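Source file: work.cif (mmCIF, C-alpha atoms)
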data_protein
#
loop_
_atom_site.label_atom_id
_atom_site.label_comp_id
_atom_site.auth_asym_id
_atom_site.auth_seq_id
_atom_site.Cartn_x
_atom_site.Cartn_y
_atom_site.Cartn_z
CA MET D 1 -26.55 -6.95 -59.28
CA ALA D 2 -25.06 -10.38 -58.64
CA ASN D 3 -27.76 -11.78 -56.29
CA SER D 4 -31.35 -11.07 -55.29
CA ASN D 5 -30.39 -9.11 -52.15
CA GLY D 6 -27.80 -7.14 -53.91
CA TRP D 7 -25.06 -7.99 -51.33
CA GLY D 8 -21.73 -7.37 -52.86
CA ASP D 9 -22.93 -4.74 -55.23
CA GLY D 10 -21.72 -1.23 -54.80
CA SER D 11 -23.37 0.56 -51.95
CA GLY D 12 -25.29 2.83 -54.17
CA ASN D 13 -26.77 -0.04 -56.16
CA ASN D 14 -28.15 -2.50 -53.60
CA THR D 15 -31.68 -2.50 -52.32
CA ILE D 16 -30.77 -2.52 -48.60
CA GLY D 17 -28.44 0.34 -49.11
CA TRP D 18 -25.71 -0.58 -46.57
CA GLY D 19 -22.98 1.88 -46.82
CA GLN D 20 -24.96 4.55 -48.49
CA GLY D 21 -25.36 6.63 -45.40
CA ALA D 22 -28.01 9.28 -45.94
CA ASN D 23 -29.54 7.56 -48.92
CA ASN D 24 -30.56 4.21 -47.45
CA ALA D 25 -33.90 3.43 -45.90
CA ILE D 26 -32.63 2.59 -42.41
CA GLY D 27 -30.36 5.54 -42.33
CA TRP D 28 -27.16 3.76 -41.24
CA GLY D 29 -24.29 6.06 -41.59
CA LYS D 30 -26.28 9.17 -40.92
CA SER D 31 -25.51 11.16 -37.86
CA HIS D 32 -26.87 9.70 -34.64
CA SER D 33 -29.75 12.10 -34.39
CA LEU D 34 -30.94 11.40 -37.91
CA SER D 35 -30.63 7.63 -37.94
CA TYR D 36 -33.75 5.59 -37.30
CA ALA D 37 -31.53 2.84 -35.87
CA GLY D 38 -29.86 5.17 -33.44
CA LEU D 39 -32.55 5.32 -30.80
CA THR D 40 -30.36 3.70 -28.17
CA ASN D 41 -27.06 5.26 -27.28
CA ILE D 42 -24.07 2.92 -26.96
CA VAL D 43 -22.20 4.32 -23.98
CA GLY D 44 -18.66 3.25 -23.08
CA VAL D 45 -17.62 2.36 -19.50
CA THR D 46 -16.46 5.51 -17.77
CA THR D 47 -13.42 5.43 -15.51
CA ASP D 48 -13.95 7.12 -12.16
CA THR D 49 -12.21 10.49 -12.08
CA ASP D 50 -10.29 9.67 -8.87
CA ALA D 51 -9.21 6.32 -10.31
CA GLN D 52 -8.13 8.06 -13.51
CA ALA D 53 -6.09 10.59 -11.56
CA PHE D 54 -4.23 7.74 -9.85
CA ILE D 55 -3.71 5.88 -13.12
CA THR D 56 -2.33 9.03 -14.72
CA ALA D 57 -0.01 9.81 -11.80
CA THR D 58 1.39 6.29 -11.60
CA GLY D 59 1.61 5.77 -15.35
CA ILE D 60 0.00 2.34 -15.05
CA THR D 61 -0.91 1.08 -18.54
CA ASP D 62 -1.98 -2.50 -17.88
CA ALA D 63 -5.72 -2.77 -18.58
CA THR D 64 -6.37 -5.32 -15.82
CA GLN D 65 -4.64 -3.15 -13.24
CA GLN D 66 -6.49 -0.07 -14.47
CA GLY D 67 -9.80 -1.90 -14.26
CA ALA D 68 -9.04 -3.19 -10.76
CA ILE D 69 -8.23 0.32 -9.55
CA ASP D 70 -11.37 1.73 -11.12
CA ALA D 71 -13.55 -0.97 -9.59
CA LEU D 72 -11.92 -0.46 -6.19
CA VAL D 73 -12.59 3.27 -6.17
CA LYS D 74 -16.15 2.85 -7.39
CA GLY D 75 -16.76 0.14 -4.79
CA LEU D 76 -15.40 2.25 -1.95
CA LYS D 77 -17.64 5.08 -3.04
CA THR D 78 -20.69 2.82 -3.34
CA ASP D 79 -20.08 1.55 0.20
CA LEU D 80 -19.55 5.12 1.50
CA LEU D 81 -16.02 4.21 2.56
CA TRP D 82 -14.16 6.54 0.21
CA THR D 83 -14.64 9.61 2.37
CA LYS D 84 -13.41 7.66 5.41
CA MET D 85 -10.03 7.03 3.82
CA LEU D 86 -7.15 9.40 4.53
CA ALA D 87 -4.60 7.37 2.58
CA VAL D 88 -4.95 4.25 0.44
CA TYR D 89 -1.96 2.34 -0.92
CA PRO D 90 -3.00 -0.33 -3.47
CA PHE D 91 0.63 -1.36 -4.19
CA VAL D 92 -0.06 -2.06 -7.84
CA GLY D 93 2.10 -1.79 -10.95
CA GLY D 94 5.30 -3.48 -9.81
CA THR D 95 7.62 -0.49 -9.34
CA ALA D 96 8.43 1.94 -6.55
CA THR D 97 6.92 4.72 -8.62
CA THR D 98 3.59 3.00 -9.18
CA CYS D 99 3.42 1.81 -5.57
CA LYS D 100 4.27 5.06 -3.83
CA TYR D 101 1.13 7.02 -4.68
CA ASN D 102 -1.82 7.55 -2.35
CA LEU D 103 -4.99 6.58 -4.21
CA LYS D 104 -6.94 9.25 -2.30
CA ASN D 105 -4.64 12.06 -3.35
CA PRO D 106 -2.17 10.96 -6.02
CA VAL D 107 0.25 13.85 -5.91
CA ASN D 108 4.01 13.51 -5.55
CA THR D 109 4.31 15.37 -2.25
CA ASN D 110 4.74 14.57 1.43
CA LEU D 111 1.55 16.49 2.19
CA GLY D 112 -0.29 14.20 -0.24
CA HIS D 113 1.01 11.24 1.80
CA ARG D 114 2.91 9.81 -1.11
CA LEU D 115 5.11 7.05 0.32
CA ASN D 116 8.85 7.47 0.69
CA PHE D 117 10.43 4.04 0.24
CA VAL D 118 13.65 3.71 2.22
CA GLY D 119 16.10 0.79 2.41
CA GLY D 120 15.90 -2.60 0.70
CA TRP D 121 12.61 -3.21 -1.08
CA THR D 122 11.50 -5.53 -3.87
CA PHE D 123 8.60 -4.47 -6.07
CA SER D 124 6.48 -6.84 -8.15
CA ASN D 125 2.96 -7.22 -9.47
CA ASN D 126 2.15 -9.02 -6.20
CA GLY D 127 2.97 -5.98 -4.09
CA VAL D 128 5.86 -4.55 -2.08
CA THR D 129 8.30 -6.68 -0.11
CA PRO D 130 10.54 -5.20 2.60
CA ASN D 131 13.79 -6.94 3.50
CA GLY D 132 13.26 -7.01 7.26
CA THR D 133 16.52 -5.21 8.02
CA THR D 134 16.49 -1.66 6.58
CA ALA D 135 13.22 -1.23 4.66
CA TYR D 136 10.26 0.95 5.59
CA ALA D 137 7.92 3.41 3.92
CA ASP D 138 7.12 6.80 5.42
CA THR D 139 3.49 7.88 5.00
CA PHE D 140 4.06 11.43 6.30
CA LEU D 141 0.77 10.96 8.15
CA ALA D 142 0.94 11.44 11.92
CA PRO D 143 -1.96 10.34 14.14
CA LEU D 144 -1.74 13.48 16.27
CA THR D 145 -2.35 15.63 13.21
CA HIS D 146 -5.00 13.54 11.48
CA PHE D 147 -6.82 11.37 14.02
CA THR D 148 -9.52 12.43 16.43
CA SER D 149 -10.51 10.59 19.59
CA GLY D 150 -12.42 7.37 18.96
CA ASN D 151 -12.31 7.80 15.21
CA SER D 152 -9.49 6.11 13.30
CA SER D 153 -8.66 2.97 11.35
CA VAL D 154 -5.71 1.26 9.70
CA SER D 155 -5.31 -1.92 7.66
CA VAL D 156 -2.80 -4.05 5.80
CA TYR D 157 -3.06 -6.94 3.36
CA SER D 158 -0.20 -9.34 4.05
CA ARG D 159 0.57 -12.08 1.53
CA ILE D 160 3.07 -13.91 3.74
CA ASN D 161 2.29 -16.44 6.45
CA ASN D 162 5.13 -16.52 8.95
CA SER D 163 5.87 -15.77 12.58
CA GLU D 164 7.95 -12.68 13.29
CA VAL D 165 8.05 -9.61 15.49
CA GLY D 166 8.19 -7.24 12.51
CA VAL D 167 5.66 -4.42 12.66
CA LEU D 168 3.36 -4.10 9.66
CA LEU D 169 2.44 -0.51 10.33
CA GLY D 170 3.31 1.68 13.26
CA THR D 171 4.43 4.80 15.06
CA ARG D 172 5.25 5.75 18.59
CA GLY D 173 5.62 9.24 19.98
CA SER D 174 7.81 10.26 22.85
CA ALA D 175 5.36 8.75 25.33
CA PHE D 176 4.70 5.07 24.98
CA ASN D 177 0.97 5.57 25.48
CA THR D 178 0.86 6.91 21.91
CA ASN D 179 1.68 3.58 20.37
CA LEU D 180 0.05 2.56 17.08
CA GLU D 181 1.49 -0.79 16.18
CA LEU D 182 0.22 -3.73 14.24
CA LEU D 183 1.87 -7.09 14.88
CA LEU D 184 0.51 -10.25 13.34
CA ARG D 185 1.60 -13.57 14.77
CA ASN D 186 4.76 -13.03 16.71
CA SER D 187 5.92 -16.15 18.51
CA THR D 188 2.85 -16.43 20.69
CA ASN D 189 0.19 -13.83 19.99
CA THR D 190 -1.05 -11.16 17.66
CA ASN D 191 -0.61 -7.85 19.42
CA LEU D 192 -2.24 -4.58 18.58
CA TRP D 193 -1.70 -1.14 19.99
CA HIS D 194 -4.09 1.44 18.60
CA ASN D 195 -3.26 4.79 20.19
CA THR D 196 -2.55 3.14 23.49
CA SER D 197 0.16 1.96 25.87
CA SER D 198 1.48 -1.13 27.58
CA GLY D 199 -0.16 -4.34 26.65
CA GLY D 200 -2.43 -3.03 23.97
CA ILE D 201 -4.74 -5.89 23.16
CA ILE D 202 -4.07 -9.50 22.29
CA VAL D 203 -6.17 -10.00 19.18
CA SER D 204 -8.96 -12.50 19.49
CA PRO D 205 -9.58 -14.93 17.98
CA THR D 206 -5.90 -15.79 17.62
CA PRO D 207 -5.05 -15.64 13.91
CA THR D 208 -3.98 -18.93 12.38
CA THR D 209 -2.06 -17.17 9.62
CA SER D 210 -0.45 -13.83 8.95
CA ALA D 211 -1.45 -14.01 5.29
CA MET D 212 -4.63 -11.98 5.54
CA ASN D 213 -6.28 -8.61 5.48
CA PHE D 214 -6.20 -7.17 8.99
CA ILE D 215 -8.14 -4.04 9.96
CA SER D 216 -8.00 -2.18 13.25
CA SER D 217 -10.63 0.47 13.91
CA ARG D 218 -11.87 2.71 16.67
CA ILE D 219 -15.31 4.27 16.68
CA ASN D 220 -15.03 5.07 20.38
CA SER D 221 -12.23 5.40 22.92
CA ALA D 222 -13.09 2.31 24.94
CA ASN D 223 -13.06 -0.47 22.38
CA ASN D 224 -10.98 -1.71 19.50
CA ILE D 225 -12.64 -3.29 16.49
CA THR D 226 -10.54 -5.84 14.62
CA ALA D 227 -11.31 -7.62 11.35
CA GLN D 228 -9.48 -10.68 10.08
CA ASN D 229 -10.45 -11.18 6.44
CA GLY D 230 -13.68 -9.36 7.18
CA ALA D 231 -14.59 -11.36 10.30
CA THR D 232 -14.97 -8.76 13.02
CA ASN D 233 -14.61 -8.64 16.76
CA SER D 234 -14.73 -5.86 19.34
CA GLN D 235 -12.41 -5.94 22.33
CA VAL D 236 -12.02 -3.66 25.30
CA GLY D 237 -8.98 -1.45 24.86
CA SER D 238 -8.71 2.15 25.93
CA GLU D 239 -7.40 4.83 23.64
CA ILE D 240 -4.93 7.10 25.44
CA ALA D 241 -3.01 9.41 23.10
CA PHE D 242 -1.74 9.95 19.57
CA SER D 243 1.78 9.76 18.22
CA SER D 244 3.13 12.95 16.68
CA PHE D 245 5.47 10.94 14.45
CA PRO D 246 4.36 9.81 10.98
CA ILE D 247 3.18 6.24 10.53
CA TYR D 248 5.69 3.91 8.86
CA ILE D 249 4.71 0.88 6.83
CA SER D 250 6.64 -2.39 7.32
CA ALA D 251 8.35 -1.02 10.44
CA LYS D 252 7.59 1.19 13.41
CA ASN D 253 8.55 4.83 13.56
CA ASN D 254 10.01 4.67 17.05
CA ILE D 255 10.31 8.34 18.08
CA GLY D 256 11.76 9.22 14.70
CA VAL D 257 13.86 6.09 14.14
CA ALA D 258 12.69 3.08 12.12
CA ALA D 259 12.65 -0.13 14.15
CA THR D 260 11.21 -3.66 14.24
CA PHE D 261 11.35 -4.22 10.48
CA SER D 262 9.00 -6.67 8.79
CA THR D 263 9.64 -9.09 5.91
CA ARG D 264 6.04 -9.52 4.86
CA GLN D 265 4.93 -8.72 1.35
CA LEU D 266 2.05 -6.26 1.39
CA ALA D 267 -0.61 -5.81 -1.29
CA PHE D 268 -2.69 -3.06 0.30
CA ALA D 269 -2.68 -0.64 3.22
CA HIS D 270 -4.93 2.16 4.37
CA ILE D 271 -5.18 4.81 7.06
CA GLY D 272 -8.52 6.41 7.74
CA THR D 273 -11.23 7.47 10.12
CA GLY D 274 -13.18 4.99 12.23
CA LEU D 275 -15.04 2.10 10.61
CA THR D 276 -17.95 0.18 12.11
CA THR D 277 -17.85 -3.62 12.11
CA ALA D 278 -20.12 -3.63 9.06
CA GLU D 279 -17.84 -1.18 7.27
CA CYS D 280 -14.79 -3.32 8.08
CA THR D 281 -16.45 -6.25 6.34
CA LEU D 282 -17.41 -4.09 3.36
CA LEU D 283 -13.84 -2.82 3.10
CA TYR D 284 -12.44 -6.33 3.23
CA ASN D 285 -14.80 -7.43 0.46
CA ARG D 286 -13.67 -4.57 -1.79
CA ILE D 287 -10.00 -5.24 -1.05
CA GLN D 288 -10.39 -8.96 -1.69
CA THR D 289 -12.17 -8.35 -4.99
CA PHE D 290 -9.33 -6.02 -5.95
CA GLN D 291 -6.72 -8.67 -5.10
CA THR D 292 -8.64 -11.39 -6.91
CA THR D 293 -8.84 -9.28 -10.07
CA LEU D 294 -5.06 -8.96 -9.87
CA SER D 295 -4.66 -12.72 -9.20
CA ARG D 296 -2.81 -12.12 -5.95
CA GLN D 297 -5.44 -12.86 -3.33
CA VAL D 298 -4.67 -14.89 -0.20
CA MET C 1 22.19 -16.04 7.40
CA ILE C 2 21.64 -12.52 6.07
CA LYS C 3 24.62 -10.74 4.49
CA VAL C 4 24.95 -6.96 4.52
CA GLY C 5 27.47 -4.43 3.21
CA LEU C 6 29.88 -2.92 5.75
CA LEU C 7 30.29 0.88 5.60
CA THR C 8 32.74 3.32 7.11
CA GLU C 9 31.29 6.33 8.92
CA LYS C 10 32.24 8.52 5.95
CA GLN C 11 30.59 6.17 3.47
CA LYS C 12 27.45 6.11 5.63
CA ASP C 13 27.29 9.91 5.51
CA GLU C 14 27.56 9.81 1.71
CA LEU C 15 24.59 7.47 1.41
CA VAL C 16 22.07 8.75 3.94
CA GLY C 17 18.97 10.02 2.13
CA GLN C 18 20.40 9.43 -1.35
CA GLU C 19 18.15 7.92 -4.04
CA PHE C 20 19.74 4.63 -5.15
CA MET C 21 17.03 3.63 -7.62
CA LEU C 22 13.99 5.52 -8.82
CA ASP C 23 11.90 6.52 -5.79
CA VAL C 24 13.86 4.43 -3.25
CA TYR C 25 16.44 5.83 -0.81
CA PHE C 26 19.41 4.37 1.07
CA ASN C 27 18.95 3.60 4.74
CA PRO C 28 22.27 2.80 6.46
CA ILE C 29 21.67 1.36 9.92
CA GLN C 30 23.85 0.11 12.75
CA ASP C 31 24.08 -3.57 13.62
CA ALA C 32 24.55 -5.12 17.06
CA ASN C 33 28.27 -4.26 16.96
CA ASN C 34 27.56 -0.65 15.96
CA ASN C 35 28.85 -1.26 12.43
CA TRP C 36 27.15 0.85 9.77
CA ILE C 37 25.62 -1.43 7.15
CA ILE C 38 23.31 -1.43 4.13
CA SER C 39 21.27 -4.32 2.83
CA ILE C 40 22.01 -6.59 -0.11
CA GLN C 41 18.96 -5.18 -1.91
CA GLU C 42 20.39 -1.68 -1.71
CA ILE C 43 23.73 -2.94 -3.03
CA GLU C 44 22.25 -4.95 -5.88
CA GLN C 45 19.66 -2.40 -7.03
CA CYS C 46 21.69 0.80 -6.80
CA ASN C 47 22.36 2.90 -9.88
CA ASN C 48 25.78 3.67 -11.34
CA GLN C 49 26.21 6.79 -9.24
CA PHE C 50 26.84 4.52 -6.27
CA ALA C 51 28.56 1.65 -8.08
CA TRP C 52 31.25 1.59 -5.40
CA VAL C 53 28.86 -0.02 -2.90
CA LYS C 54 29.03 -3.19 -4.98
CA ASP C 55 32.62 -3.56 -3.75
CA LEU C 56 31.72 -3.33 -0.05
CA GLU C 57 32.84 -6.09 2.26
CA LEU C 58 29.90 -8.38 3.06
CA ILE C 59 29.39 -9.39 6.68
CA THR C 60 26.77 -11.42 8.49
CA TYR C 61 23.92 -9.28 9.77
CA GLU C 62 23.57 -9.19 13.53
CA PRO C 63 20.52 -7.11 14.43
CA LYS C 64 20.55 -4.75 17.35
CA LYS C 65 18.51 -5.96 20.29
CA GLN C 66 15.18 -4.12 20.22
CA VAL C 67 14.65 -2.16 23.41
CA ASP C 68 11.02 -1.22 23.26
CA GLU C 69 9.12 -0.27 26.37
CA LYS C 70 5.40 -0.60 26.06
#
I need this file expressed as structure tokens, please.
Amino acid sequence: MANSNGWGDGSGNNTIGWGQGANNAIGWGKSHSLSYAGLTNIVGVTTDTDAQAFITATGITDATQQGAIDALVKGLKTDLLWTKMLAVYPFVGGTATTCKYNLKNPVNTNLGHRLNFVGGWTFSNNGVTPNGTTAYADTFLAPLTHFTSGNSSVSVYSRINNSEVGVLLGTRGSAFNTNLELLLRNSTNTNLWHNTSSGGIIVSPTPTTSAMNFISSRINSANNITAQNGATNSQVGSEIAFSSFPIYISAKNNIGVAATFSTRQLAFAHIGTGLTTAECTLLYNRIQTFQTTLSRQV
Amino acid sequence: MIKVGLLTEKQKDELVGQEFMLDVYFNPIQDANNNWIISIQEIEQCNNQFAWVKDLELITYEPKKQVDEK
């Protein structure tokens, strides 16, 4: 024994008995149930099962990205928004493969609403960037099949502030009163058609930037809720009909042909059932936290 | 000024729906003069199976006028 406490002696020879396991007074090293020091369990952070399914499908290995996805899913569930989502595209991981999966149902099928990227795209950790000439993503999700009257929502998170006529998300069936089209800051206005026809609505207040999270929601057939970075408004705008063609991202599916291509980099998109004004704000807060964790917020 | 690759009709047919990089597919479109074209991104990112697109003549992109009744 080299010192009074016996530190440094062999484990069997010191008075505290560290390392002895079953033979020391505290019982360190014994099984959890037998150790006097083991009264409190040390429990690791558990990844949400839906988040884990997405992480596994995409093959994302970056710990920050994994944590951001996990927190997003848990947050959406806490806010009771998860069940209102039909498709969620977090655009994380920096490749077409990691960005194509639907967080709600991360299977590699059209029925799972996995995106089909077509044309010229650039993928990075900041999101997905279409080229504005040939690029769009097919969601395989048609309003006529999945929406019900007065009960639908869509959103995008654009990282680019510019003025263009490119559609961020849209579809139009054979009749123009089925239009679902999200335009942010064309030359004069921000126009929105949410299952409606000519005119749609001119979004108010007029956005001062197109770099934002924009949500459009219907919880009835007479009004259109909009949210710009969580700040909500409700405007009169009648819902008329649904497009039978799948929604495209970064362009409009114009009766089966992609048109009005956008150049804006996107870092999130969703399609879901109707959200109240309060739920739009909650959704924005979760999306913004997600973007901030990934250091790509606007 | 945006440059794009000029395709013949036959070349367009060869590319439609083909995967040019993992999980991304060609999308030949027609410009204002009804030329079939693909974007620079598709040319630059395509895999060796379609290496011939890197030799396409580059022309200035003239978008079709959007006719969109609302």
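Restricting the calculation to all atoms listed in the file, the smallest distance between chain D and any of C:Ile59, C:Val24, C:Ile43, C:Leu7 is found for C:Val24.
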Hits of the PyMOL selection byres ((chain D) within 10 of (chain C)) in this structure, as a VMD selection string: chain D and resid 95 to 100 115 to 122 130 to 137 172 175 to 179 193 196 to 200 254 258 to 260
Take the residues from that selection and write them out as an mmCIF file, in the coordinates of the input, keeping C-alpha atoms.
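To be explicit, this is the file written out as part03.cif:
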data_model
loop_
_atom_site.group_PDB
_atom_site.id
_atom_site.type_symbol
_atom_site.label_atom_id
_atom_site.label_comp_id
_atom_site.auth_asym_id
_atom_site.auth_seq_id
_atom_site.Cartn_x
_atom_site.Cartn_y
_atom_site.Cartn_z
ATOM 1 C CA THR D 95 7.620 -0.490 -9.340
ATOM 2 C CA ALA D 96 8.430 1.940 -6.550
ATOM 3 C CA THR D 97 6.920 4.720 -8.620
ATOM 4 C CA THR D 98 3.590 3.000 -9.180
ATOM 5 C CA CYS D 99 3.420 1.810 -5.570
ATOM 6 C CA LYS D 100 4.270 5.060 -3.830
ATOM 7 C CA LEU D 115 5.110 7.050 0.320
ATOM 8 C CA ASN D 116 8.850 7.470 0.690
ATOM 9 C CA PHE D 117 10.430 4.040 0.240
ATOM 10 C CA VAL D 118 13.650 3.710 2.220
ATOM 11 C CA GLY D 119 16.100 0.790 2.410
ATOM 12 C CA GLY D 120 15.900 -2.600 0.700
ATOM 13 C CA TRP D 121 12.610 -3.210 -1.080
ATOM 14 C CA THR D 122 11.500 -5.530 -3.870
ATOM 15 C CA PRO D 130 10.540 -5.200 2.600
ATOM 16 C CA ASN D 131 13.790 -6.940 3.500
ATOM 17 C CA GLY D 132 13.260 -7.010 7.260
ATOM 18 C CA THR D 133 16.520 -5.210 8.020
ATOM 19 C CA THR D 134 16.490 -1.660 6.580
ATOM 20 C CA ALA D 135 13.220 -1.230 4.660
ATOM 21 C CA TYR D 136 10.260 0.950 5.590
ATOM 22 C CA ALA D 137 7.920 3.410 3.920
ATOM 23 C CA ARG D 172 5.250 5.750 18.590
ATOM 24 C CA ALA D 175 5.360 8.750 25.330
ATOM 25 C CA PHE D 176 4.700 5.070 24.980
ATOM 26 C CA ASN D 177 0.970 5.570 25.480
ATOM 27 C CA THR D 178 0.860 6.910 21.910
ATOM 28 C CA ASN D 179 1.680 3.580 20.370
ATOM 29 C CA TRP D 193 -1.700 -1.140 19.990
ATOM 30 C CA THR D 196 -2.550 3.140 23.490
ATOM 31 C CA SER D 197 0.160 1.960 25.870
ATOM 32 C CA SER D 198 1.480 -1.130 27.580
ATOM 33 C CA GLY D 199 -0.160 -4.340 26.650
ATOM 34 C CA GLY D 200 -2.430 -3.030 23.970
ATOM 35 C CA ASN D 254 10.010 4.670 17.050
ATOM 36 C CA ALA D 258 12.690 3.080 12.120
ATOM 37 C CA ALA D 259 12.650 -0.130 14.150
ATOM 38 C CA THR D 260 11.210 -3.660 14.240
#
Proximity to Ile255 of chain D - best of D:Ile240, D:Leu180, D:Ile287, D:Ala231, all atoms listed in the file: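 Nearest candidate to Ile255 of chain D out of D:Ile240, D:Leu180, D:Ile287, D:Ala231: D:Leu180.
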Selection near Ile225 of chain D, 7 Å with all atoms listed in the file, sequence-local residues under 3 positions removed, as a list of chain:residue names: D:Ser216, D:Ser217, D:Arg218, D:Thr232, D:Asn233, D:Ser234, D:Gln235, D:Thr277
Please provide as JSON, numbers by chain all residues within 12 Å of Gly75 of chain D, with the sequence filter that same-chain residues fewer than 2 positions apart are discarded (counting only C-alpha atoms). {"D": [48, 51, 67, 68, 69, 70, 71, 72, 73, 77, 78, 79, 80, 81, 82, 282, 283, 284, 285, 286, 287, 288, 289, 290]}
Could you list the residues chosen by the PyMOL selection byres ((chain D and resi 144) around 7) in this structure as a compact mmCIF listing (two decimals) with C-alpha atoms, in the coordinates of the input?
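This went into part.txt:
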# COMPACT_ATOMS: atom_id res chain seq x y z
CA ALA D 142 0.94 11.44 11.92
CA PRO D 143 -1.96 10.34 14.14
CA THR D 145 -2.35 15.63 13.21
CA HIS D 146 -5.00 13.54 11.48
CA PHE D 147 -6.82 11.37 14.02
CA PHE D 242 -1.74 9.95 19.57
CA SER D 243 1.78 9.76 18.22
CA SER D 244 3.13 12.95 16.68
Would you mind reading off the distance between atom CA of Lys74 of chain D and atom CA of Leu168 of chain D, one decimal, in Å? 26.8 Å
For atom CA of Asn151 of chain D and atom CA of Thr139 of chain D, quote the distance in Å rounded to one decimal. 18.8 Å
Please define a box with edges along x, y and z of the file around all atoms of segment 27-41 of chain C given in the file, extend it by 4 Å on each side, and return its centre and edge lengths in Å to one decimal, as lines of an AutoDock Vina configuration file.
center_x = 23.9
center_y = -1.5
center_z = 7.6
size_x = 17.9
size_y = 18.2
size_z = 27.0
Would you write out, as a list in words, every residue that the PyMOL selection byres ((chain C and resi 52) around 12) captures in this file?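 Selection result, ordered by chain and number: Gly5, Leu7, Gln11, Glu14, Leu15, Phe20, Glu42, Ile43, Glu44, Cys46, Asn47, Asn48, Gln49, Phe50, Ala51, Val53, Lys54, Asp55, Leu56 and Glu57 of chain C.
Atom CA of Ser158 of chain D to atom CA of Val203 of chain D spans 16.3 Å [interatomic distance, one decimal].
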For Ser210 of chain D, work out the shell of residues within 7 Å, counting only C-alpha atoms and skipping chain neighbours fewer than 5 positions away, then give it as a list in words. Ser158, Ile160, Asn161, Asn162, Leu184 and Arg185 of chain D
Go through D:Ser149, D:Gln65, D:Asn213, D:Asn195 and flag the residue nearest His270 of chain D, using all atoms listed in the file for the distances. D:Asn213
Pick out the residues sitting within 9 Å of Glu164 of chain D, and hand them over as a PyMOL selection string; count all atoms listed in the file, and ignore anything fewer than 3 positions along from it in its own chain. chain D and resi 167+183-187+262-263
Would you mind completing segment 42-53 of chain C so that it carries N, CA, C and O atoms, and writing it out as a PDB file, in the frame of the given file?
ATOM      1  N   GLU C  42      19.885  -3.016  -1.371  1.00  0.00           N
ATOM      2  CA  GLU C  42      20.390  -1.680  -1.710  1.00  0.00           C
ATOM      3  C   GLU C  42      21.655  -1.770  -2.564  1.00  0.00           C
ATOM      4  O   GLU C  42      21.862  -0.974  -3.480  1.00  0.00           O
ATOM      5  N   ILE C  43      22.496  -2.761  -2.259  1.00  0.00           N
ATOM      6  CA  ILE C  43      23.730  -2.940  -3.030  1.00  0.00           C
ATOM      7  C   ILE C  43      23.415  -3.397  -4.456  1.00  0.00           C
ATOM      8  O   ILE C  43      23.934  -2.858  -5.434  1.00  0.00           O
ATOM      9  N   GLU C  44      22.526  -4.371  -4.556  1.00  0.00           N
ATOM     10  CA  GLU C  44      22.250  -4.950  -5.880  1.00  0.00           C
ATOM     11  C   GLU C  44      21.447  -4.027  -6.783  1.00  0.00           C
ATOM     12  O   GLU C  44      21.614  -4.052  -8.005  1.00  0.00           O
ATOM     13  N   GLN C  45      20.584  -3.198  -6.198  1.00  0.00           N
ATOM     14  CA  GLN C  45      19.660  -2.400  -7.030  1.00  0.00           C
ATOM     15  C   GLN C  45      20.167  -0.990  -7.293  1.00  0.00           C
ATOM     16  O   GLN C  45      19.533  -0.250  -8.046  1.00  0.00           O
ATOM     17  N   CYS C  46      21.299  -0.605  -6.707  1.00  0.00           N
ATOM     18  CA  CYS C  46      21.690   0.800  -6.800  1.00  0.00           C
ATOM     19  C   CYS C  46      22.174   1.171  -8.204  1.00  0.00           C
ATOM     20  O   CYS C  46      22.681   0.328  -8.942  1.00  0.00           O
ATOM     21  N   ASN C  47      21.967   2.425  -8.553  1.00  0.00           N
ATOM     22  CA  ASN C  47      22.360   2.900  -9.880  1.00  0.00           C
ATOM     23  C   ASN C  47      23.869   3.176  -9.945  1.00  0.00           C
ATOM     24  O   ASN C  47      24.582   3.067  -8.938  1.00  0.00           O
ATOM     25  N   ASN C  48      24.335   3.543 -11.104  1.00  0.00           N
ATOM     26  CA  ASN C  48      25.780   3.670 -11.340  1.00  0.00           C
ATOM     27  C   ASN C  48      26.437   4.747 -10.490  1.00  0.00           C
ATOM     28  O   ASN C  48      27.642   4.686 -10.239  1.00  0.00           O
ATOM     29  N   GLN C  49      25.651   5.711 -10.061  1.00  0.00           N
ATOM     30  CA  GLN C  49      26.210   6.790  -9.240  1.00  0.00           C
ATOM     31  C   GLN C  49      26.863   6.234  -7.969  1.00  0.00           C
ATOM     32  O   GLN C  49      27.810   6.812  -7.439  1.00  0.00           O
ATOM     33  N   PHE C  50      26.334   5.110  -7.510  1.00  0.00           N
ATOM     34  CA  PHE C  50      26.840   4.520  -6.270  1.00  0.00           C
ATOM     35  C   PHE C  50      27.432   3.122  -6.536  1.00  0.00           C
ATOM     36  O   PHE C  50      27.356   2.237  -5.684  1.00  0.00           O
ATOM     37  N   ALA C  51      28.030   2.966  -7.691  1.00  0.00           N
ATOM     38  CA  ALA C  51      28.560   1.650  -8.080  1.00  0.00           C
ATOM     39  C   ALA C  51      29.573   1.125  -7.065  1.00  0.00           C
ATOM     40  O   ALA C  51      29.738  -0.090  -6.915  1.00  0.00           O
ATOM     41  N   TRP C  52      30.220   2.035  -6.347  1.00  0.00           N
ATOM     42  CA  TRP C  52      31.250   1.590  -5.400  1.00  0.00           C
ATOM     43  C   TRP C  52      30.679   0.728  -4.267  1.00  0.00           C
ATOM     44  O   TRP C  52      31.420  -0.048  -3.661  1.00  0.00           O
ATOM     45  N   VAL C  53      29.391   0.808  -3.994  1.00  0.00           N
ATOM     46  CA  VAL C  53      28.860  -0.020  -2.900  1.00  0.00           C
ATOM     47  C   VAL C  53      28.885  -1.505  -3.263  1.00  0.00           C
ATOM     48  O   VAL C  53      28.833  -2.355  -2.376  1.00  0.00           O
TER      49      VAL C  53
END
